[in-house]
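Encoded as structure tokens, the structure appears first; notes follow it.
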Amino acid sequence: MIDLSTKYIGLHLKNPIIAASSGLTANIENIKKLESNGVAAIVLKSIFEEEILQQEKDLKNEVQKDSLIYSELSETLDYIDIHIKEDTLNVYLELIRKAKKETLIPIIASINCVTNYEWTDFAKKIESAGADALELNIFLNPVDTSDKDFEKTYIEITKNVTKKVSIPVSVKISQYHTKPAHVIQKLSETGATGIVLFNRFYTPDINLEKLELTQANHFSNENEYLNVLRWIALMSKKINCDLAASTGIHSAETIIKQILAGASAVQIASVLYSKGIDYVSVLLKELENWMEKHNYNYLNQIKGKLSQEKIQDPAAFERMQFMRYFSGIE
Ligand SMILES: Cc1cc2nc3c(=O)[nH]c(=O)nc-3n(C[C@H](O)[C@H](O)[C@H](O)COP(=O)(O)O)c2cc1C
């Protein structure tokens with residue numbers, strides 16, 4: 001009997017597959033379907049900080065005085081105009097309650113944060129609604145040209161929240177940092193028990209016939225896991241909190257690779273859209289087959305086996321430039 005169980009941010013997971021925050025985790029029917037197909041935990045669709053503030057208009061006016069992130073570039077202000085309903089906040093809390101009542105797996109709530117304002121009371125409400133953990137999806141827009149210290153804001157938001165709640169808190173970050181290793185290290189010292197590497201954003205493309213912008217890539221492809229693999233391998237043994245891999249994980253092989261690099265769990269979204277929620281059971285079967293074929297009984301036997309510290313050539317994970325190392329390629 002293969003034991004795929006793992007521990008992530010203090011939660012006992014029956015296997016390493018977590019349904020990442022997405023439209024698929026926004027309603028109870030899908031959440032139940034994800035559970036019945038075997039996912040070990042679910043990260044609910046994020047509630048946006050602006051949605052919370054919308055409910056507390058005075059607070060919102062206060063926050064907007066701090067032009068930090070509420071620049072004209074903030075897409076999320078558009079989001080407010082289009083989508084906000086009065087009762088968004090309560091609907092979200094109700095989803096948590098329902099998911100807890102109707103499933104047995106850990107439910108991780110998710111907040112999309114953009115400021116370090118004292119909005120963190122909402123984190124308390126999430127805890128009271130029964131969420132097993134909270135993931136902070138911190139998004140500070142990298143196109144901001146000011147010299148504001150985004151890394152500092154990440155740290156402050158996380159510290160504020162971890163002070164307020166007693167459930168585990170993880171932080172999901174983007175790939176866009178000047179010094180990712182430094183940010184990951186600092187975040188691991190904030191009280192967060194996990195870091196998710198990395199969030200993914202869709203990017204615009206250009207339609208050459210219509211000469212207009214199109215949205216290119218709602219979903220990841222199966223090669224996008226490589227940068228995540230590098231950073232999981234580089235950081236997993238250097239920090240004192242768990243790492244979850246996210247982006248480009250479409251197969252059991254990729255899941256195994258992320259665990260070998262040192263991830264405690266993986267989060268998947270695109271593959272659920274492209275292959276269907278049922279595909280989780282195929283991934284689980286393939287994970288077991290790989291373990292059996294390679295004579296492993298426990299997932300923990302392979303966790304971190306190929307992290308930077310464990311391999312013969314630790315510099316291999318750090319190599320970035322073609323010129324120096326691959327000059328022989330023609
Ligand atoms: C349709 C869609 C909606 C998403 N919504 C959220 C969200 O609300 N909050 C969040 O943290 N990530 C969100 N994500 C990002 C995913 O959680 C995940 O990190 C990303 O898609 C990379 O994983 P993948 O390659 O398995 O898709 C969304 C992704 C998709 C495809």
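Every chain in the structure tokens takes a letter, A first, then B, and so on in the order presented; its residues are numbered from 1, and the ligands are numbered from 1 following the presented order.
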Each residue of chain A lying at most 9 Å from ligand 1 should get a row with its shortest atom-to-atom pair and the distance in Å to one decimal, counting only C-alpha atoms and all ligand atoms; could you produce that, ordered by chain and increasing number, as JSON lines?
{"residue": "A:Ala19", "atom": "CA", "partner": "ligand 1", "partner_atom_place_in_ligand_line": "17 (O)", "distance": 7.9}
{"residue": "A:Ala20", "atom": "CA", "partner": "ligand 1", "partner_atom_place_in_ligand_line": "17 (O)", "distance": 4.2}
{"residue": "A:Ser21", "atom": "CA", "partner": "ligand 1", "partner_atom_place_in_ligand_line": "17 (O)", "distance": 4.0}
{"residue": "A:Ser22", "atom": "CA", "partner": "ligand 1", "partner_atom_place_in_ligand_line": "4 (C)", "distance": 3.6}
{"residue": "A:Gly23", "atom": "CA", "partner": "ligand 1", "partner_atom_place_in_ligand_line": "3 (C)", "distance": 5.0}
{"residue": "A:Leu24", "atom": "CA", "partner": "ligand 1", "partner_atom_place_in_ligand_line": "1 (C)", "distance": 7.6}
{"residue": "A:Thr25", "atom": "CA", "partner": "ligand 1", "partner_atom_place_in_ligand_line": "5 (N)", "distance": 8.8}
{"residue": "A:Ala26", "atom": "CA", "partner": "ligand 1", "partner_atom_place_in_ligand_line": "8 (O)", "distance": 8.7}
{"residue": "A:Val43", "atom": "CA", "partner": "ligand 1", "partner_atom_place_in_ligand_line": "17 (O)", "distance": 8.0}
{"residue": "A:Leu44", "atom": "CA", "partner": "ligand 1", "partner_atom_place_in_ligand_line": "8 (O)", "distance": 7.7}
{"residue": "A:Lys45", "atom": "CA", "partner": "ligand 1", "partner_atom_place_in_ligand_line": "8 (O)", "distance": 4.4}
{"residue": "A:Ser46", "atom": "CA", "partner": "ligand 1", "partner_atom_place_in_ligand_line": "8 (O)", "distance": 3.9}
{"residue": "A:Ile47", "atom": "CA", "partner": "ligand 1", "partner_atom_place_in_ligand_line": "8 (O)", "distance": 6.9}
{"residue": "A:Phe48", "atom": "CA", "partner": "ligand 1", "partner_atom_place_in_ligand_line": "8 (O)", "distance": 7.9}
{"residue": "A:Ser110", "atom": "CA", "partner": "ligand 1", "partner_atom_place_in_ligand_line": "11 (O)", "distance": 6.7}
{"residue": "A:Ile111", "atom": "CA", "partner": "ligand 1", "partner_atom_place_in_ligand_line": "9 (N)", "distance": 7.5}
{"residue": "A:Asn112", "atom": "CA", "partner": "ligand 1", "partner_atom_place_in_ligand_line": "9 (N)", "distance": 6.6}
{"residue": "A:Glu135", "atom": "CA", "partner": "ligand 1", "partner_atom_place_in_ligand_line": "11 (O)", "distance": 7.8}
{"residue": "A:Leu136", "atom": "CA", "partner": "ligand 1", "partner_atom_place_in_ligand_line": "11 (O)", "distance": 7.6}
{"residue": "A:Asn137", "atom": "CA", "partner": "ligand 1", "partner_atom_place_in_ligand_line": "11 (O)", "distance": 4.9}
{"residue": "A:Ile138", "atom": "CA", "partner": "ligand 1", "partner_atom_place_in_ligand_line": "11 (O)", "distance": 8.2}
{"residue": "A:Lys172", "atom": "CA", "partner": "ligand 1", "partner_atom_place_in_ligand_line": "11 (O)", "distance": 6.8}
{"residue": "A:Ile173", "atom": "CA", "partner": "ligand 1", "partner_atom_place_in_ligand_line": "11 (O)", "distance": 8.8}
{"residue": "A:Val196", "atom": "CA", "partner": "ligand 1", "partner_atom_place_in_ligand_line": "19 (O)", "distance": 8.3}
{"residue": "A:Leu197", "atom": "CA", "partner": "ligand 1", "partner_atom_place_in_ligand_line": "19 (O)", "distance": 8.3}
{"residue": "A:Phe198", "atom": "CA", "partner": "ligand 1", "partner_atom_place_in_ligand_line": "19 (O)", "distance": 6.4}
{"residue": "A:Asn199", "atom": "CA", "partner": "ligand 1", "partner_atom_place_in_ligand_line": "19 (O)", "distance": 4.3}
{"residue": "A:Arg200", "atom": "CA", "partner": "ligand 1", "partner_atom_place_in_ligand_line": "20 (C)", "distance": 4.8}
{"residue": "A:Phe201", "atom": "CA", "partner": "ligand 1", "partner_atom_place_in_ligand_line": "15 (C)", "distance": 7.3}
{"residue": "A:Tyr202", "atom": "CA", "partner": "ligand 1", "partner_atom_place_in_ligand_line": "31 (C)", "distance": 8.6}
{"residue": "A:Asn217", "atom": "CA", "partner": "ligand 1", "partner_atom_place_in_ligand_line": "31 (C)", "distance": 8.9}
{"residue": "A:His218", "atom": "CA", "partner": "ligand 1", "partner_atom_place_in_ligand_line": "31 (C)", "distance": 5.6}
{"residue": "A:Phe219", "atom": "CA", "partner": "ligand 1", "partner_atom_place_in_ligand_line": "31 (C)", "distance": 5.2}
{"residue": "A:Ser220", "atom": "CA", "partner": "ligand 1", "partner_atom_place_in_ligand_line": "25 (O)", "distance": 4.4}
{"residue": "A:Asn221", "atom": "CA", "partner": "ligand 1", "partner_atom_place_in_ligand_line": "25 (O)", "distance": 6.9}
{"residue": "A:Glu222", "atom": "CA", "partner": "ligand 1", "partner_atom_place_in_ligand_line": "25 (O)", "distance": 7.8}
{"residue": "A:Glu224", "atom": "CA", "partner": "ligand 1", "partner_atom_place_in_ligand_line": "25 (O)", "distance": 7.2}
{"residue": "A:Tyr225", "atom": "CA", "partner": "ligand 1", "partner_atom_place_in_ligand_line": "25 (O)", "distance": 7.6}
{"residue": "A:Ala245", "atom": "CA", "partner": "ligand 1", "partner_atom_place_in_ligand_line": "23 (O)", "distance": 8.6}
{"residue": "A:Ser246", "atom": "CA", "partner": "ligand 1", "partner_atom_place_in_ligand_line": "23 (O)", "distance": 4.9}
{"residue": "A:Thr247", "atom": "CA", "partner": "ligand 1", "partner_atom_place_in_ligand_line": "25 (O)", "distance": 3.3}
{"residue": "A:Gly248", "atom": "CA", "partner": "ligand 1", "partner_atom_place_in_ligand_line": "25 (O)", "distance": 3.8}
{"residue": "A:Ile249", "atom": "CA", "partner": "ligand 1", "partner_atom_place_in_ligand_line": "26 (O)", "distance": 5.3}
{"residue": "A:His250", "atom": "CA", "partner": "ligand 1", "partner_atom_place_in_ligand_line": "26 (O)", "distance": 6.8}
{"residue": "A:Val266", "atom": "CA", "partner": "ligand 1", "partner_atom_place_in_ligand_line": "26 (O)", "distance": 8.8}
{"residue": "A:Gln267", "atom": "CA", "partner": "ligand 1", "partner_atom_place_in_ligand_line": "26 (O)", "distance": 6.3}
{"residue": "A:Ile268", "atom": "CA", "partner": "ligand 1", "partner_atom_place_in_ligand_line": "26 (O)", "distance": 3.7}
{"residue": "A:Ala269", "atom": "CA", "partner": "ligand 1", "partner_atom_place_in_ligand_line": "26 (O)", "distance": 3.7}
{"residue": "A:Ser270", "atom": "CA", "partner": "ligand 1", "partner_atom_place_in_ligand_line": "27 (O)", "distance": 3.5}
{"residue": "A:Val271", "atom": "CA", "partner": "ligand 1", "partner_atom_place_in_ligand_line": "26 (O)", "distance": 5.9}
{"residue": "A:Leu272", "atom": "CA", "partner": "ligand 1", "partner_atom_place_in_ligand_line": "26 (O)", "distance": 7.7}
{"residue": "A:Tyr273", "atom": "CA", "partner": "ligand 1", "partner_atom_place_in_ligand_line": "31 (C)", "distance": 7.6}
Run DSSP on the backbone of this structure and report the residues of segment 90-169 of chain A it assigns to strand (DSSP E or B), as a ChimeraX atom specification. /A:107-113,133-138,169
Using only C-alpha atoms, what table do you get, as a Markdown table, when you list each residue of segment 201-313 of chain A with an atom no more than 9 Å from segment 31-34 of chain A, its nearest pair of atoms, and their distance in Å rounded to one decimal, rows by chain then rising number?
| residue | atom | partner | partner_atom | distance |
| --- | --- | --- | --- | --- |
| A:Ile277 | CA | A:Leu34 | CA | 6.2 |
| A:Asp278 | CA | A:Leu34 | CA | 7.8 |
| A:Val280 | CA | A:Leu34 | CA | 7.9 |
Name the residues of segment 127-209 of chain A that come out as helix (DSSP H, G or I) in a backbone DSSP run; write them as a count of residues only. 25
Shell around Lys305 of chain A at 10 Å using only C-alpha atoms, local window under 4 positions removed, as a list in words: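 The residues satisfying every condition are Ala233, Lys257, Ile259, Leu260, Ala261, Gly262, Asn300, Gln301, Glu309, Lys310 and Ile311 of chain A.
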Same residues, N, CA and C atoms, saved as a tab-separated table (two decimals), in the first residue's frame:
chain	number	residue	atom	x	y	z
A	233	ALA	N	13.63	23.80	-5.55
A	233	ALA	CA	14.88	23.10	-5.24
A	233	ALA	C	15.87	24.02	-4.53
A	257	LYS	N	8.48	15.39	-9.60
A	257	LYS	CA	9.66	16.26	-9.70
A	257	LYS	C	9.62	17.36	-8.64
A	259	ILE	N	8.08	17.32	-5.79
A	259	ILE	CA	8.29	16.73	-4.45
A	259	ILE	C	9.77	16.40	-4.27
A	260	LEU	N	10.39	15.84	-5.30
A	260	LEU	CA	11.84	15.55	-5.22
A	260	LEU	C	12.63	16.82	-4.97
A	261	ALA	N	12.18	17.93	-5.55
A	261	ALA	CA	12.88	19.20	-5.36
A	261	ALA	C	12.65	19.76	-3.96
A	262	GLY	N	11.61	19.28	-3.28
A	262	GLY	CA	11.39	19.72	-1.89
A	262	GLY	C	10.02	20.30	-1.60
A	300	ASN	N	7.12	10.74	1.72
A	300	ASN	CA	8.19	11.43	2.46
A	300	ASN	C	9.58	10.89	2.14
A	301	GLN	N	9.63	9.66	1.62
A	301	GLN	CA	10.95	9.10	1.26
A	301	GLN	C	11.59	9.88	0.12
A	309	GLU	N	20.65	21.08	-1.93
A	309	GLU	CA	21.62	20.59	-0.96
A	309	GLU	C	21.96	19.12	-1.16
A	310	LYS	N	21.03	18.40	-1.81
A	310	LYS	CA	21.20	16.94	-1.87
A	310	LYS	C	21.87	16.45	-3.15
A	311	ILE	N	22.07	17.35	-4.11
A	311	ILE	CA	22.61	16.86	-5.38
A	311	ILE	C	24.12	17.07	-5.45
Determine, counting only C-alpha atoms, which protein, DNA and RNA residues have an atom within 12 Å of an atom of segment 126-131 of chain A; residues of the same chain fewer than 4 positions away are not included. Present the result as an MDAnalysis selection string. chainID A and resid 11 41:44 46:47 52 89:101 103:111 120:122 135 161:162 164:169
My list of candidates is A:Met1, A:Val228, A:Lys148, A:Glu102. Which is closest to Ile28 of chain A when distances are computed with only C-alpha atoms?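 Of the candidates, the smallest distance to Ile28 of chain A is held by A:Glu102.
Take the candidates A:Leu4, A:Leu283, A:Leu234, A:Ile302 and check each one against Pro314 of chain A using only C-alpha atoms; the shortest distance goes to A:Leu234.
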List the neighbours of Glu288 of chain A out to 9 Å using only C-alpha atoms; skip same-chain residues closer than 2 positions along the sequence, and give me the result as a list in words.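 Listing them by chain and then by number gives Met1, Ile2, Asp3, Leu4, Leu283, Leu284, Lys285, Glu286, Trp290, Met291, Glu292, Lys293 and Asn297 of chain A.
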Could you turn the residues from that selection into a file that holds all heavy atoms, as an mmCIF file, in the first residue's frame?
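Written output follows (part01.cif):
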data_model
loop_
_atom_site.group_PDB
_atom_site.id
_atom_site.type_symbol
_atom_site.label_atom_id
_atom_site.label_comp_id
_atom_site.auth_asym_id
_atom_site.auth_seq_id
_atom_site.Cartn_x
_atom_site.Cartn_y
_atom_site.Cartn_z
ATOM 1 N N MET A 1 0.848 -1.206 0.000
ATOM 2 C CA MET A 1 0.000 0.000 0.000
ATOM 3 C C MET A 1 0.883 1.256 0.000
ATOM 4 O O MET A 1 1.716 1.434 0.887
ATOM 5 C CB MET A 1 -0.888 -0.052 1.259
ATOM 6 C CG MET A 1 -1.871 1.074 1.390
ATOM 7 S SD MET A 1 -3.239 0.882 0.242
ATOM 8 C CE MET A 1 -4.161 2.352 0.565
ATOM 9 N N ILE A 2 0.705 2.076 -1.016
ATOM 10 C CA ILE A 2 1.531 3.283 -1.123
ATOM 11 C C ILE A 2 0.902 4.405 -0.283
ATOM 12 O O ILE A 2 -0.289 4.671 -0.364
ATOM 13 C CB ILE A 2 1.598 3.747 -2.594
ATOM 14 C CG1 ILE A 2 2.101 2.632 -3.516
ATOM 15 C CG2 ILE A 2 2.452 5.002 -2.721
ATOM 16 C CD1 ILE A 2 3.530 2.242 -3.321
ATOM 17 N N ASP A 3 1.733 5.051 0.517
ATOM 18 C CA ASP A 3 1.254 6.149 1.356
ATOM 19 C C ASP A 3 1.685 7.484 0.729
ATOM 20 O O ASP A 3 2.859 7.844 0.758
ATOM 21 C CB ASP A 3 1.855 5.990 2.759
ATOM 22 C CG ASP A 3 1.405 7.106 3.696
ATOM 23 O OD1 ASP A 3 0.685 8.019 3.233
ATOM 24 O OD2 ASP A 3 1.797 7.064 4.868
ATOM 25 N N LEU A 4 0.701 8.180 0.163
ATOM 26 C CA LEU A 4 1.009 9.451 -0.515
ATOM 27 C C LEU A 4 0.852 10.650 0.416
ATOM 28 O O LEU A 4 0.931 11.794 -0.018
ATOM 29 C CB LEU A 4 0.075 9.641 -1.718
ATOM 30 C CG LEU A 4 0.247 8.702 -2.913
ATOM 31 C CD1 LEU A 4 -0.815 8.993 -3.975
ATOM 32 C CD2 LEU A 4 1.644 8.844 -3.522
ATOM 33 N N LEU A 283 -4.166 11.165 -12.057
ATOM 34 C CA LEU A 283 -2.881 11.632 -11.508
ATOM 35 C C LEU A 283 -2.492 10.819 -10.276
ATOM 36 O O LEU A 283 -1.335 10.418 -10.119
ATOM 37 C CB LEU A 283 -2.968 13.123 -11.133
ATOM 38 C CG LEU A 283 -3.097 14.128 -12.278
ATOM 39 C CD1 LEU A 283 -3.313 15.544 -11.728
ATOM 40 C CD2 LEU A 283 -1.849 14.093 -13.161
ATOM 41 N N LEU A 284 -3.469 10.556 -9.425
ATOM 42 C CA LEU A 284 -3.180 9.815 -8.188
ATOM 43 C C LEU A 284 -2.722 8.391 -8.503
ATOM 44 O O LEU A 284 -1.777 7.874 -7.898
ATOM 45 C CB LEU A 284 -4.407 9.797 -7.272
ATOM 46 C CG LEU A 284 -4.713 11.142 -6.600
ATOM 47 C CD1 LEU A 284 -6.070 11.116 -5.903
ATOM 48 C CD2 LEU A 284 -3.609 11.501 -5.594
ATOM 49 N N LYS A 285 -3.396 7.777 -9.454
ATOM 50 C CA LYS A 285 -3.030 6.399 -9.840
ATOM 51 C C LYS A 285 -1.612 6.398 -10.399
ATOM 52 O O LYS A 285 -0.788 5.540 -10.054
ATOM 53 C CB LYS A 285 -4.034 5.905 -10.897
ATOM 54 C CG LYS A 285 -3.960 4.440 -11.226
ATOM 55 C CD LYS A 285 -4.612 3.588 -10.140
ATOM 56 C CE LYS A 285 -3.863 2.288 -9.983
ATOM 57 N NZ LYS A 285 -3.389 1.893 -8.725
ATOM 58 N N GLU A 286 -1.307 7.389 -11.234
ATOM 59 C CA GLU A 286 0.032 7.443 -11.828
ATOM 60 C C GLU A 286 1.110 7.729 -10.782
ATOM 61 O O GLU A 286 2.219 7.226 -10.881
ATOM 62 C CB GLU A 286 0.065 8.507 -12.942
ATOM 63 C CG GLU A 286 -0.716 8.040 -14.164
ATOM 64 C CD GLU A 286 -0.790 9.082 -15.280
ATOM 65 O OE1 GLU A 286 -0.218 10.188 -15.136
ATOM 66 O OE2 GLU A 286 -1.436 8.774 -16.288
ATOM 67 N N TRP A 290 4.248 5.203 -10.107
ATOM 68 C CA TRP A 290 5.660 5.617 -10.128
ATOM 69 C C TRP A 290 6.350 5.182 -8.832
ATOM 70 O O TRP A 290 7.473 4.663 -8.852
ATOM 71 C CB TRP A 290 5.755 7.141 -10.303
ATOM 72 C CG TRP A 290 7.170 7.603 -10.491
ATOM 73 C CD1 TRP A 290 7.829 7.764 -11.673
ATOM 74 C CD2 TRP A 290 8.118 7.918 -9.460
ATOM 75 N NE1 TRP A 290 9.117 8.169 -11.442
ATOM 76 C CE2 TRP A 290 9.332 8.268 -10.095
ATOM 77 C CE3 TRP A 290 8.077 7.935 -8.062
ATOM 78 C CZ2 TRP A 290 10.478 8.639 -9.391
ATOM 79 C CZ3 TRP A 290 9.223 8.296 -7.352
ATOM 80 C CH2 TRP A 290 10.407 8.644 -8.011
ATOM 81 N N MET A 291 5.651 5.401 -7.721
ATOM 82 C CA MET A 291 6.233 5.051 -6.417
ATOM 83 C C MET A 291 6.510 3.539 -6.364
ATOM 84 O O MET A 291 7.584 3.109 -5.926
ATOM 85 C CB MET A 291 5.273 5.429 -5.284
ATOM 86 C CG MET A 291 4.954 6.903 -5.199
ATOM 87 S SD MET A 291 6.117 7.817 -4.226
ATOM 88 C CE MET A 291 5.776 7.167 -2.614
ATOM 89 N N GLU A 292 5.544 2.787 -6.831
ATOM 90 C CA GLU A 292 5.672 1.328 -6.794
ATOM 91 C C GLU A 292 6.849 0.881 -7.659
ATOM 92 O O GLU A 292 7.699 0.122 -7.211
ATOM 93 C CB GLU A 292 4.380 0.710 -7.336
ATOM 94 C CG GLU A 292 3.988 -0.586 -6.638
ATOM 95 C CD GLU A 292 2.520 -0.864 -6.911
ATOM 96 O OE1 GLU A 292 2.198 -1.181 -8.077
ATOM 97 O OE2 GLU A 292 1.709 -0.724 -5.986
ATOM 98 N N LYS A 293 6.887 1.433 -8.861
ATOM 99 C CA LYS A 293 7.938 1.052 -9.813
ATOM 100 C C LYS A 293 9.327 1.359 -9.247
ATOM 101 O O LYS A 293 10.293 0.646 -9.509
ATOM 102 C CB LYS A 293 7.715 1.816 -11.119
ATOM 103 C CG LYS A 293 8.645 1.434 -12.222
ATOM 104 C CD LYS A 293 8.239 2.059 -13.535
ATOM 105 C CE LYS A 293 9.408 1.953 -14.502
ATOM 106 N NZ LYS A 293 9.346 2.947 -15.552
ATOM 107 N N ASN A 297 7.578 3.477 -0.624
ATOM 108 C CA ASN A 297 6.276 3.245 0.021
ATOM 109 C C ASN A 297 5.632 4.526 0.525
ATOM 110 O O ASN A 297 4.427 4.607 0.669
ATOM 111 C CB ASN A 297 6.440 2.290 1.219
ATOM 112 C CG ASN A 297 6.871 0.929 0.768
ATOM 113 O OD1 ASN A 297 6.378 0.452 -0.253
ATOM 114 N ND2 ASN A 297 7.806 0.318 1.479
#
A straight line from atom CA of Pro142 of chain A to atom CA of Thr178 of chain A spans 10.3 Å
Kindly indicate which residue among A:Ser5, A:Asn223, A:Ser251, A:Asn207 lies nearest to Tyr298 of chain A, using only C-alpha atoms for the distances.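 Under the stated criterion, the closest residue is A:Ser5.
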Between atom CA of Thr115 of chain A and atom CA of Ile157 of chain A, what is the spacing in Å? 7.2 Å
Hey, which of A:Ala252, A:Ile232, A:Cys113, A:Ala244 ends up closest to Phe139 of chain A? Count only C-alpha atoms.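 Among A:Ala252, A:Ile232, A:Cys113, A:Ala244, it is A:Cys113 that comes nearest to Phe139 of chain A.
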Within 10 Å of Ala181 of chain A, counting only C-alpha atoms, which residues show up once you throw out same-chain ones fewer than 3 positions away? Write them as a short mmCIF file (atom, residue, chain, number, x, y, z; two decimals) with all heavy atoms, in the first residue's frame, please.
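Wrote it out as out.cif, contents follow:
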data_model
loop_
_atom_site.label_atom_id
_atom_site.label_comp_id
_atom_site.auth_asym_id
_atom_site.auth_seq_id
_atom_site.Cartn_x
_atom_site.Cartn_y
_atom_site.Cartn_z
N HIS A 177 10.14 39.28 -8.79
CA HIS A 177 10.84 39.93 -7.68
C HIS A 177 12.28 40.19 -8.08
O HIS A 177 12.88 39.40 -8.82
CB HIS A 177 10.82 39.03 -6.43
CG HIS A 177 9.46 38.92 -5.82
ND1 HIS A 177 8.93 39.90 -5.01
CD2 HIS A 177 8.51 37.98 -5.92
CE1 HIS A 177 7.72 39.56 -4.63
NE2 HIS A 177 7.43 38.39 -5.18
N THR A 178 12.82 41.26 -7.54
CA THR A 178 14.22 41.56 -7.85
C THR A 178 15.11 40.45 -7.30
O THR A 178 16.02 39.99 -7.97
CB THR A 178 14.64 42.89 -7.17
OG1 THR A 178 13.51 43.75 -7.16
CG2 THR A 178 15.81 43.52 -7.85
N ILE A 184 11.62 35.17 -0.39
CA ILE A 184 11.15 33.88 0.14
C ILE A 184 11.70 33.68 1.56
O ILE A 184 10.98 33.30 2.48
CB ILE A 184 11.55 32.73 -0.82
CG1 ILE A 184 10.79 32.88 -2.14
CG2 ILE A 184 11.28 31.37 -0.18
CD1 ILE A 184 11.32 32.02 -3.29
N GLN A 185 12.98 33.97 1.70
CA GLN A 185 13.62 33.84 3.03
C GLN A 185 12.91 34.73 4.06
O GLN A 185 12.54 34.28 5.15
CB GLN A 185 15.09 34.27 2.90
CG GLN A 185 15.89 34.19 4.17
CD GLN A 185 16.46 32.79 4.35
OE1 GLN A 185 17.12 32.29 3.45
NE2 GLN A 185 16.18 32.17 5.48
N LYS A 186 12.70 36.00 3.69
CA LYS A 186 12.09 36.94 4.64
C LYS A 186 10.66 36.53 4.96
O LYS A 186 10.22 36.63 6.11
CB LYS A 186 12.08 38.37 4.04
CG LYS A 186 13.43 39.03 4.08
CD LYS A 186 13.68 39.54 5.48
CE LYS A 186 15.13 39.83 5.73
NZ LYS A 186 15.56 39.76 7.11
N LEU A 187 9.92 36.09 3.95
CA LEU A 187 8.53 35.67 4.20
C LEU A 187 8.48 34.49 5.16
O LEU A 187 7.58 34.38 5.98
CB LEU A 187 7.84 35.29 2.88
CG LEU A 187 7.31 36.44 2.05
CD1 LEU A 187 6.84 35.93 0.69
CD2 LEU A 187 6.15 37.16 2.76
N TRP A 231 13.11 27.01 -8.26
CA TRP A 231 13.03 27.77 -7.01
C TRP A 231 12.63 26.90 -5.82
O TRP A 231 13.06 27.15 -4.69
CB TRP A 231 12.10 28.98 -7.18
CG TRP A 231 12.82 30.04 -7.96
CD1 TRP A 231 12.67 30.34 -9.27
CD2 TRP A 231 13.90 30.86 -7.47
NE1 TRP A 231 13.56 31.31 -9.64
CE2 TRP A 231 14.32 31.65 -8.57
CE3 TRP A 231 14.53 31.00 -6.24
CZ2 TRP A 231 15.36 32.57 -8.44
CZ3 TRP A 231 15.57 31.92 -6.12
CH2 TRP A 231 15.96 32.69 -7.20
N LEU A 234 15.93 25.27 -4.98
CA LEU A 234 16.88 26.21 -4.38
C LEU A 234 16.52 26.56 -2.93
O LEU A 234 17.39 26.73 -2.10
CB LEU A 234 16.92 27.51 -5.20
CG LEU A 234 17.68 27.48 -6.51
CD1 LEU A 234 17.48 28.79 -7.27
CD2 LEU A 234 19.17 27.26 -6.25
N MET A 235 15.23 26.67 -2.65
CA MET A 235 14.83 27.24 -1.36
C MET A 235 14.33 26.24 -0.32
O MET A 235 14.30 26.56 0.87
CB MET A 235 13.73 28.30 -1.57
CG MET A 235 14.15 29.47 -2.44
SD MET A 235 15.71 30.26 -1.94
CE MET A 235 15.29 30.92 -0.33
N LYS A 238 16.38 25.76 2.71
CA LYS A 238 16.97 26.97 3.31
C LYS A 238 16.00 27.69 4.22
O LYS A 238 16.37 28.63 4.90
CB LYS A 238 17.41 27.94 2.20
CG LYS A 238 18.53 27.40 1.34
CD LYS A 238 19.15 28.52 0.51
CE LYS A 238 20.25 27.99 -0.38
NZ LYS A 238 19.76 27.18 -1.49
N ILE A 239 14.74 27.29 4.17
CA ILE A 239 13.75 28.04 4.95
C ILE A 239 13.01 27.11 5.90
O ILE A 239 12.99 25.89 5.70
CB ILE A 239 12.73 28.76 4.04
CG1 ILE A 239 12.05 27.76 3.11
CG2 ILE A 239 13.40 29.87 3.26
CD1 ILE A 239 10.92 28.36 2.32
#
Find, counting only C-alpha atoms, the residue in A:Asp87, A:Glu49, A:Glu318, A:Asp242 that gets nearest to Ala192 of chain A.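 Counting only C-alpha atoms, the residue closest to Ala192 of chain A is A:Asp242.
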